[in-house]
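Okay, start-v9.cif now, which holds mmCIF, N, CA and C atoms:
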data_structure
#
loop_
_atom_site.label_atom_id
_atom_site.label_comp_id
_atom_site.auth_asym_id
_atom_site.auth_seq_id
_atom_site.Cartn_x
_atom_site.Cartn_y
_atom_site.Cartn_z
N MET A 89 105.54 199.95 -38.60
CA MET A 89 104.46 199.90 -39.56
C MET A 89 104.76 198.77 -40.55
N ASP A 90 103.76 198.00 -40.86
CA ASP A 90 103.91 196.90 -41.80
C ASP A 90 103.75 197.43 -43.23
N LEU A 91 104.85 197.58 -43.93
CA LEU A 91 104.84 198.16 -45.27
C LEU A 91 104.09 197.29 -46.27
N GLU A 92 104.12 195.99 -46.07
CA GLU A 92 103.40 195.10 -46.99
C GLU A 92 101.89 195.31 -46.90
N ILE A 93 101.39 195.52 -45.70
CA ILE A 93 99.96 195.81 -45.53
C ILE A 93 99.61 197.12 -46.22
N LEU A 94 100.46 198.12 -46.07
CA LEU A 94 100.22 199.41 -46.71
C LEU A 94 100.23 199.28 -48.24
N LYS A 95 101.14 198.47 -48.76
CA LYS A 95 101.20 198.25 -50.21
C LYS A 95 99.94 197.57 -50.71
N ARG A 96 99.45 196.61 -49.95
CA ARG A 96 98.21 195.92 -50.34
C ARG A 96 97.02 196.88 -50.31
N LYS A 97 96.98 197.72 -49.28
CA LYS A 97 95.89 198.70 -49.19
C LYS A 97 95.95 199.69 -50.34
N LEU A 98 97.14 200.04 -50.75
CA LEU A 98 97.30 200.97 -51.85
C LEU A 98 96.73 200.40 -53.14
N SER A 99 96.91 199.12 -53.35
CA SER A 99 96.44 198.50 -54.58
C SER A 99 94.97 198.08 -54.52
N ASN A 100 94.34 198.18 -53.36
CA ASN A 100 92.94 197.79 -53.20
C ASN A 100 92.09 199.06 -53.04
N SER A 101 91.32 199.37 -54.05
CA SER A 101 90.54 200.62 -54.02
C SER A 101 89.46 200.63 -52.94
N GLN A 102 89.13 199.50 -52.37
CA GLN A 102 88.10 199.42 -51.34
C GLN A 102 88.64 199.57 -49.92
N SER A 103 89.94 199.57 -49.78
CA SER A 103 90.53 199.61 -48.43
C SER A 103 90.42 201.00 -47.82
N GLN A 104 90.50 201.03 -46.50
CA GLN A 104 90.50 202.28 -45.74
C GLN A 104 91.77 202.30 -44.89
N TYR A 105 92.25 203.50 -44.59
CA TYR A 105 93.45 203.63 -43.77
C TYR A 105 93.06 203.92 -42.32
N SER A 106 93.80 203.31 -41.41
CA SER A 106 93.57 203.57 -39.99
C SER A 106 94.21 204.91 -39.62
N ASN A 107 93.83 205.44 -38.48
CA ASN A 107 94.44 206.68 -38.00
C ASN A 107 95.94 206.51 -37.80
N GLU A 108 96.34 205.36 -37.32
CA GLU A 108 97.77 205.08 -37.13
C GLU A 108 98.51 205.13 -38.47
N GLU A 109 97.92 204.58 -39.51
CA GLU A 109 98.55 204.60 -40.84
C GLU A 109 98.62 206.01 -41.40
N VAL A 110 97.56 206.78 -41.22
CA VAL A 110 97.56 208.17 -41.69
C VAL A 110 98.66 208.96 -40.97
N ASN A 111 98.80 208.74 -39.69
CA ASN A 111 99.87 209.41 -38.93
C ASN A 111 101.24 208.98 -39.46
N TRP A 112 101.39 207.70 -39.76
CA TRP A 112 102.67 207.20 -40.29
C TRP A 112 102.99 207.86 -41.63
N PHE A 113 101.98 208.02 -42.49
CA PHE A 113 102.20 208.71 -43.77
C PHE A 113 102.71 210.12 -43.51
N PHE A 114 102.06 210.81 -42.57
CA PHE A 114 102.47 212.17 -42.25
C PHE A 114 103.90 212.20 -41.74
N GLU A 115 104.24 211.31 -40.84
CA GLU A 115 105.58 211.28 -40.25
C GLU A 115 106.66 210.93 -41.27
N ASN A 116 106.28 210.31 -42.37
CA ASN A 116 107.24 209.89 -43.38
C ASN A 116 107.13 210.69 -44.68
N ILE A 117 106.50 211.83 -44.61
CA ILE A 117 106.26 212.62 -45.81
C ILE A 117 107.56 213.05 -46.50
N GLY A 118 108.62 213.26 -45.78
CA GLY A 118 109.89 213.65 -46.38
C GLY A 118 110.96 212.58 -46.23
N ASN A 119 110.54 211.34 -46.09
CA ASN A 119 111.48 210.24 -45.90
C ASN A 119 112.53 210.24 -47.00
N SER A 120 113.78 210.02 -46.62
CA SER A 120 114.87 210.07 -47.60
C SER A 120 114.89 208.87 -48.53
N LYS A 121 114.17 207.82 -48.19
CA LYS A 121 114.11 206.63 -49.05
C LYS A 121 112.98 206.80 -50.06
N SER A 122 113.33 206.85 -51.33
CA SER A 122 112.32 207.11 -52.36
C SER A 122 111.25 206.02 -52.42
N GLU A 123 111.61 204.77 -52.11
CA GLU A 123 110.61 203.70 -52.16
C GLU A 123 109.55 203.88 -51.08
N ILE A 124 109.89 204.58 -50.01
CA ILE A 124 108.90 204.89 -48.98
C ILE A 124 108.19 206.20 -49.32
N ARG A 125 108.96 207.25 -49.57
CA ARG A 125 108.41 208.58 -49.81
C ARG A 125 107.56 208.63 -51.08
N ASP A 126 108.11 208.18 -52.20
CA ASP A 126 107.44 208.31 -53.49
C ASP A 126 106.43 207.19 -53.73
N ASP A 127 106.91 205.96 -53.59
CA ASP A 127 106.10 204.80 -53.97
C ASP A 127 104.99 204.50 -52.97
N LEU A 128 105.22 204.79 -51.71
CA LEU A 128 104.23 204.41 -50.71
C LEU A 128 103.51 205.63 -50.12
N VAL A 129 104.25 206.57 -49.56
CA VAL A 129 103.60 207.71 -48.88
C VAL A 129 102.86 208.60 -49.87
N CYS A 130 103.54 209.06 -50.89
CA CYS A 130 102.92 209.96 -51.85
C CYS A 130 101.71 209.31 -52.53
N ASN A 131 101.91 208.08 -53.00
CA ASN A 131 100.82 207.38 -53.67
C ASN A 131 99.66 207.09 -52.73
N SER A 132 99.97 206.78 -51.48
CA SER A 132 98.91 206.50 -50.50
C SER A 132 98.15 207.77 -50.13
N LEU A 133 98.86 208.89 -50.04
CA LEU A 133 98.17 210.14 -49.76
C LEU A 133 97.22 210.49 -50.91
N GLY A 134 97.69 210.30 -52.15
CA GLY A 134 96.83 210.53 -53.30
C GLY A 134 95.62 209.63 -53.28
N ALA A 135 95.84 208.34 -53.00
CA ALA A 135 94.73 207.39 -52.93
C ALA A 135 93.79 207.74 -51.79
N GLY A 136 94.35 208.22 -50.69
CA GLY A 136 93.52 208.61 -49.56
C GLY A 136 92.52 209.67 -49.93
N PHE A 137 92.94 210.62 -50.75
CA PHE A 137 92.05 211.70 -51.17
C PHE A 137 91.19 211.30 -52.37
N PHE A 138 91.81 210.81 -53.42
CA PHE A 138 91.09 210.56 -54.67
C PHE A 138 90.23 209.31 -54.65
N GLU A 139 90.58 208.34 -53.84
CA GLU A 139 89.79 207.11 -53.76
C GLU A 139 88.95 207.04 -52.49
N GLY A 140 88.97 208.11 -51.71
CA GLY A 140 88.15 208.17 -50.51
C GLY A 140 88.60 207.23 -49.40
N LYS A 141 89.90 206.99 -49.31
CA LYS A 141 90.41 206.09 -48.28
C LYS A 141 90.63 206.80 -46.94
N PHE A 142 90.49 208.13 -46.93
CA PHE A 142 90.60 208.91 -45.71
C PHE A 142 89.21 209.36 -45.28
N THR A 143 89.01 209.39 -43.99
CA THR A 143 87.79 210.01 -43.46
C THR A 143 88.01 211.52 -43.41
N LYS A 144 86.94 212.25 -43.27
CA LYS A 144 87.05 213.71 -43.14
C LYS A 144 87.89 214.06 -41.91
N LYS A 145 87.71 213.31 -40.85
CA LYS A 145 88.48 213.55 -39.61
C LYS A 145 89.98 213.35 -39.87
N GLN A 146 90.34 212.37 -40.66
CA GLN A 146 91.75 212.13 -40.98
C GLN A 146 92.32 213.27 -41.83
N VAL A 147 91.52 213.80 -42.74
CA VAL A 147 91.96 214.93 -43.56
C VAL A 147 92.21 216.15 -42.68
N VAL A 148 91.30 216.41 -41.77
CA VAL A 148 91.46 217.53 -40.84
C VAL A 148 92.71 217.32 -39.99
N PHE A 149 92.95 216.10 -39.54
CA PHE A 149 94.16 215.77 -38.79
C PHE A 149 95.41 216.15 -39.59
N LEU A 150 95.46 215.75 -40.86
CA LEU A 150 96.62 216.05 -41.70
C LEU A 150 96.82 217.56 -41.86
N ILE A 151 95.75 218.27 -42.12
CA ILE A 151 95.84 219.73 -42.27
C ILE A 151 96.35 220.37 -40.98
N ASN A 152 95.81 219.94 -39.85
CA ASN A 152 96.24 220.49 -38.57
C ASN A 152 97.70 220.20 -38.28
N LYS A 153 98.15 218.99 -38.63
CA LYS A 153 99.56 218.63 -38.39
C LYS A 153 100.49 219.49 -39.25
N ILE A 154 100.11 219.76 -40.49
CA ILE A 154 100.92 220.62 -41.35
C ILE A 154 101.07 222.00 -40.71
N GLU A 155 99.95 222.53 -40.24
CA GLU A 155 99.96 223.85 -39.63
C GLU A 155 100.72 223.87 -38.30
N GLU A 156 100.48 222.86 -37.46
CA GLU A 156 101.15 222.80 -36.15
C GLU A 156 102.67 222.78 -36.29
N ARG A 157 103.16 222.02 -37.24
CA ARG A 157 104.61 221.87 -37.41
C ARG A 157 105.20 222.86 -38.41
N ASN A 158 104.33 223.66 -39.01
CA ASN A 158 104.77 224.66 -39.98
C ASN A 158 105.65 224.03 -41.07
N LEU A 159 105.21 222.88 -41.58
CA LEU A 159 106.04 222.09 -42.50
C LEU A 159 106.25 222.73 -43.86
N LEU A 160 105.41 223.66 -44.25
CA LEU A 160 105.65 224.33 -45.52
C LEU A 160 106.94 225.15 -45.47
N PHE A 161 107.38 225.49 -44.26
CA PHE A 161 108.62 226.25 -44.08
C PHE A 161 109.68 225.45 -43.32
N TYR A 162 109.54 224.14 -43.32
CA TYR A 162 110.44 223.25 -42.60
C TYR A 162 111.90 223.48 -43.04
N CYS A 163 112.74 223.84 -42.09
CA CYS A 163 114.18 224.08 -42.36
C CYS A 163 114.35 224.88 -43.64
N ILE A 164 113.65 226.00 -43.72
CA ILE A 164 113.54 226.78 -44.95
C ILE A 164 114.89 227.24 -45.51
N LYS A 165 115.87 227.39 -44.67
CA LYS A 165 117.19 227.84 -45.15
C LYS A 165 118.06 226.69 -45.61
N GLU A 166 117.54 225.47 -45.48
CA GLU A 166 118.31 224.30 -45.88
C GLU A 166 117.86 223.78 -47.23
N SER A 167 118.81 223.17 -47.92
CA SER A 167 118.46 222.47 -49.16
C SER A 167 118.62 220.98 -48.87
N GLY A 168 118.68 220.17 -49.89
CA GLY A 168 118.86 218.73 -49.69
C GLY A 168 117.58 218.08 -49.20
N GLU A 169 117.70 217.21 -48.21
CA GLU A 169 116.56 216.42 -47.75
C GLU A 169 115.42 217.26 -47.18
N ALA A 170 115.72 218.42 -46.63
CA ALA A 170 114.65 219.28 -46.09
C ALA A 170 113.69 219.70 -47.19
N THR A 171 114.18 219.84 -48.42
CA THR A 171 113.29 220.21 -49.52
C THR A 171 112.28 219.12 -49.82
N LEU A 172 112.62 217.87 -49.53
CA LEU A 172 111.67 216.77 -49.74
C LEU A 172 110.44 216.96 -48.85
N THR A 173 110.68 217.30 -47.60
CA THR A 173 109.57 217.52 -46.68
C THR A 173 108.72 218.69 -47.14
N ARG A 174 109.36 219.79 -47.51
CA ARG A 174 108.60 220.96 -47.96
C ARG A 174 107.81 220.66 -49.24
N SER A 175 108.45 220.01 -50.18
CA SER A 175 107.79 219.72 -51.47
C SER A 175 106.59 218.80 -51.31
N PHE A 176 106.76 217.72 -50.57
CA PHE A 176 105.67 216.78 -50.40
C PHE A 176 104.58 217.34 -49.50
N THR A 177 104.95 218.21 -48.57
CA THR A 177 103.94 218.88 -47.74
C THR A 177 103.11 219.81 -48.61
N CYS A 178 103.76 220.48 -49.56
CA CYS A 178 103.05 221.37 -50.47
C CYS A 178 102.02 220.59 -51.29
N LEU A 179 102.41 219.43 -51.77
CA LEU A 179 101.48 218.57 -52.51
C LEU A 179 100.29 218.16 -51.63
N LEU A 180 100.59 217.76 -50.41
CA LEU A 180 99.53 217.36 -49.48
C LEU A 180 98.60 218.53 -49.18
N TRP A 181 99.17 219.69 -48.97
CA TRP A 181 98.39 220.89 -48.68
C TRP A 181 97.44 221.20 -49.83
N LYS A 182 97.95 221.13 -51.05
CA LYS A 182 97.13 221.43 -52.21
C LYS A 182 96.00 220.39 -52.37
N LEU A 183 96.34 219.12 -52.20
CA LEU A 183 95.31 218.07 -52.27
C LEU A 183 94.21 218.31 -51.26
N SER A 184 94.61 218.59 -50.04
CA SER A 184 93.61 218.76 -48.98
C SER A 184 92.73 219.98 -49.25
N ASN A 185 93.30 221.02 -49.81
CA ASN A 185 92.50 222.22 -50.10
C ASN A 185 91.60 222.02 -51.31
N LEU A 186 92.06 221.30 -52.30
CA LEU A 186 91.24 221.04 -53.49
C LEU A 186 90.03 220.20 -53.15
N LEU A 187 90.25 219.19 -52.34
CA LEU A 187 89.20 218.22 -52.09
C LEU A 187 88.33 218.53 -50.88
N CYS A 188 88.67 219.57 -50.14
CA CYS A 188 87.88 219.91 -48.95
C CYS A 188 87.06 221.17 -49.15
N LYS A 189 86.99 221.67 -50.35
CA LYS A 189 86.19 222.88 -50.60
C LYS A 189 84.74 222.55 -50.73
#
Kindly return the structure encoded in the file as structure tokens.
Amino acid sequence: MDLEILKRKLSNSQSQYSNEEVNWFFENIGNSKSEIRDDLVCNSLGAGFFEGKFTKKQVVFLINKIEERNLLFYCIKESGEATLTRSFTCLLWKLSNLLCK
């Protein structure tokens, strides 16, 4: 994934994310690198919902992926990096529920 393109899309309120990019955000939701997880993935997910950069189909995809992988309980007995995945999944879950009602 070209991170520079994603950074440009993040700063452009008119941009839209491709399905491949949405999948990449999902796959990197608990990335151990804060510059990817916090600065790019988290902010892009927020922009996807609040700035309308996601299609309804992409939102449904994200919700389904959370449920399929049971990420809210990802490695539930572990601490450390596993908590990053659970925490950021919780944020994504809440966003998707708030904006899809």
Taking 6 positions as the minimum chain separation for residues in the same chain, which residues sit within 8 Å of Phe137 in chain A when counting all atoms listed in the file? Answer as JSON, numbers by chain. {"A": [131, 143, 183, 184, 187]}
Could those residues be written to a file, using N, CA and C atoms, as a PDB file, in the coordinates of the input?
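out36.pdb was written with the following content:
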ATOM      1  N   ASN A 131     101.910 208.080 -53.000  1.00  0.00           N
ATOM      2  CA  ASN A 131     100.820 207.380 -53.670  1.00  0.00           C
ATOM      3  C   ASN A 131      99.660 207.090 -52.730  1.00  0.00           C
ATOM      4  N   THR A 143      89.010 209.390 -43.990  1.00  0.00           N
ATOM      5  CA  THR A 143      87.790 210.010 -43.460  1.00  0.00           C
ATOM      6  C   THR A 143      88.010 211.520 -43.410  1.00  0.00           C
ATOM      7  N   LEU A 183      96.340 219.120 -52.200  1.00  0.00           N
ATOM      8  CA  LEU A 183      95.310 218.070 -52.270  1.00  0.00           C
ATOM      9  C   LEU A 183      94.210 218.310 -51.260  1.00  0.00           C
ATOM     10  N   SER A 184      94.610 218.590 -50.040  1.00  0.00           N
ATOM     11  CA  SER A 184      93.610 218.760 -48.980  1.00  0.00           C
ATOM     12  C   SER A 184      92.730 219.980 -49.250  1.00  0.00           C
ATOM     13  N   LEU A 187      90.250 219.190 -52.340  1.00  0.00           N
ATOM     14  CA  LEU A 187      89.200 218.220 -52.090  1.00  0.00           C
ATOM     15  C   LEU A 187      88.330 218.530 -50.880  1.00  0.00           C
TER      16      LEU A 187
END
All file atoms of range 145-158 of chain A boxed axis-aligned, 3 Å per side, centre plus edges, as AutoDock Vina command-line options:
--center_x 96.7 --center_y 218.4 --center_z -39.9 --size_x 23.9 --size_y 18.5 --size_z 13.4
Interatomic distance between atom N of Tyr105 in chain A and atom C of Leu160 in chain A?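 Separation between atom N of Tyr105 in chain A and atom C of Leu160 in chain A: 26.2 Å.
Taking CA of Ile151 in chain A and CA of Glu92 in chain A as the two end points, the separation is 26.2 Å.
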Using only N, CA and C atoms, the residue out of A:Asn107, A:Asn185, A:Phe176, A:Phe142 with shortest distance to Cys130 in chain A is A:Phe176
Just the residues within 6.5 Å of range 111-123 of chain A, please, counting all atoms listed in the file, with nothing from its chain fewer than 4 positions along; format it as a list in words.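 Counting all atoms listed in the file, the residues come to Ser106, Asn107, Asp127, Leu128, Val129, Leu172, Thr173, Arg174, Phe176 and Thr177 of chain A.
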When distances are computed from only C-alpha atoms, which of A:Ser175, A:Lys95, A:Trp181, A:Glu156 shows the smallest separation from Ala135 in chain A? A:Lys95
Can you measure CA of Gln104 in chain A to CA of Thr171 in chain A for me? One decimal in Å is fine.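 Separating CA of Gln104 in chain A from CA of Thr171 in chain A is a distance of 29.2 Å.
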I need the residue nearest Glu139 in chain A from this list: A:Lys97, A:Ile154, A:Gln102, A:Asp90. Use only C-alpha atoms for the distance.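 Once distances to Glu139 in chain A are computed over only C-alpha atoms, the minimum belongs to A:Gln102.
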Go through A:Arg125, A:Gln146, A:Ile93, A:Leu98 and flag the residue nearest Glu169 in chain A, using only C-alpha atoms for the distances. A:Arg125
Apply DSSP to the structure's backbone, then extract all residues of chain A labelled alpha helix (DSSP H) and return them as a PyMOL selection string. chain A and resi 91-99+107-115+122-124+131-138+144-157+169-187
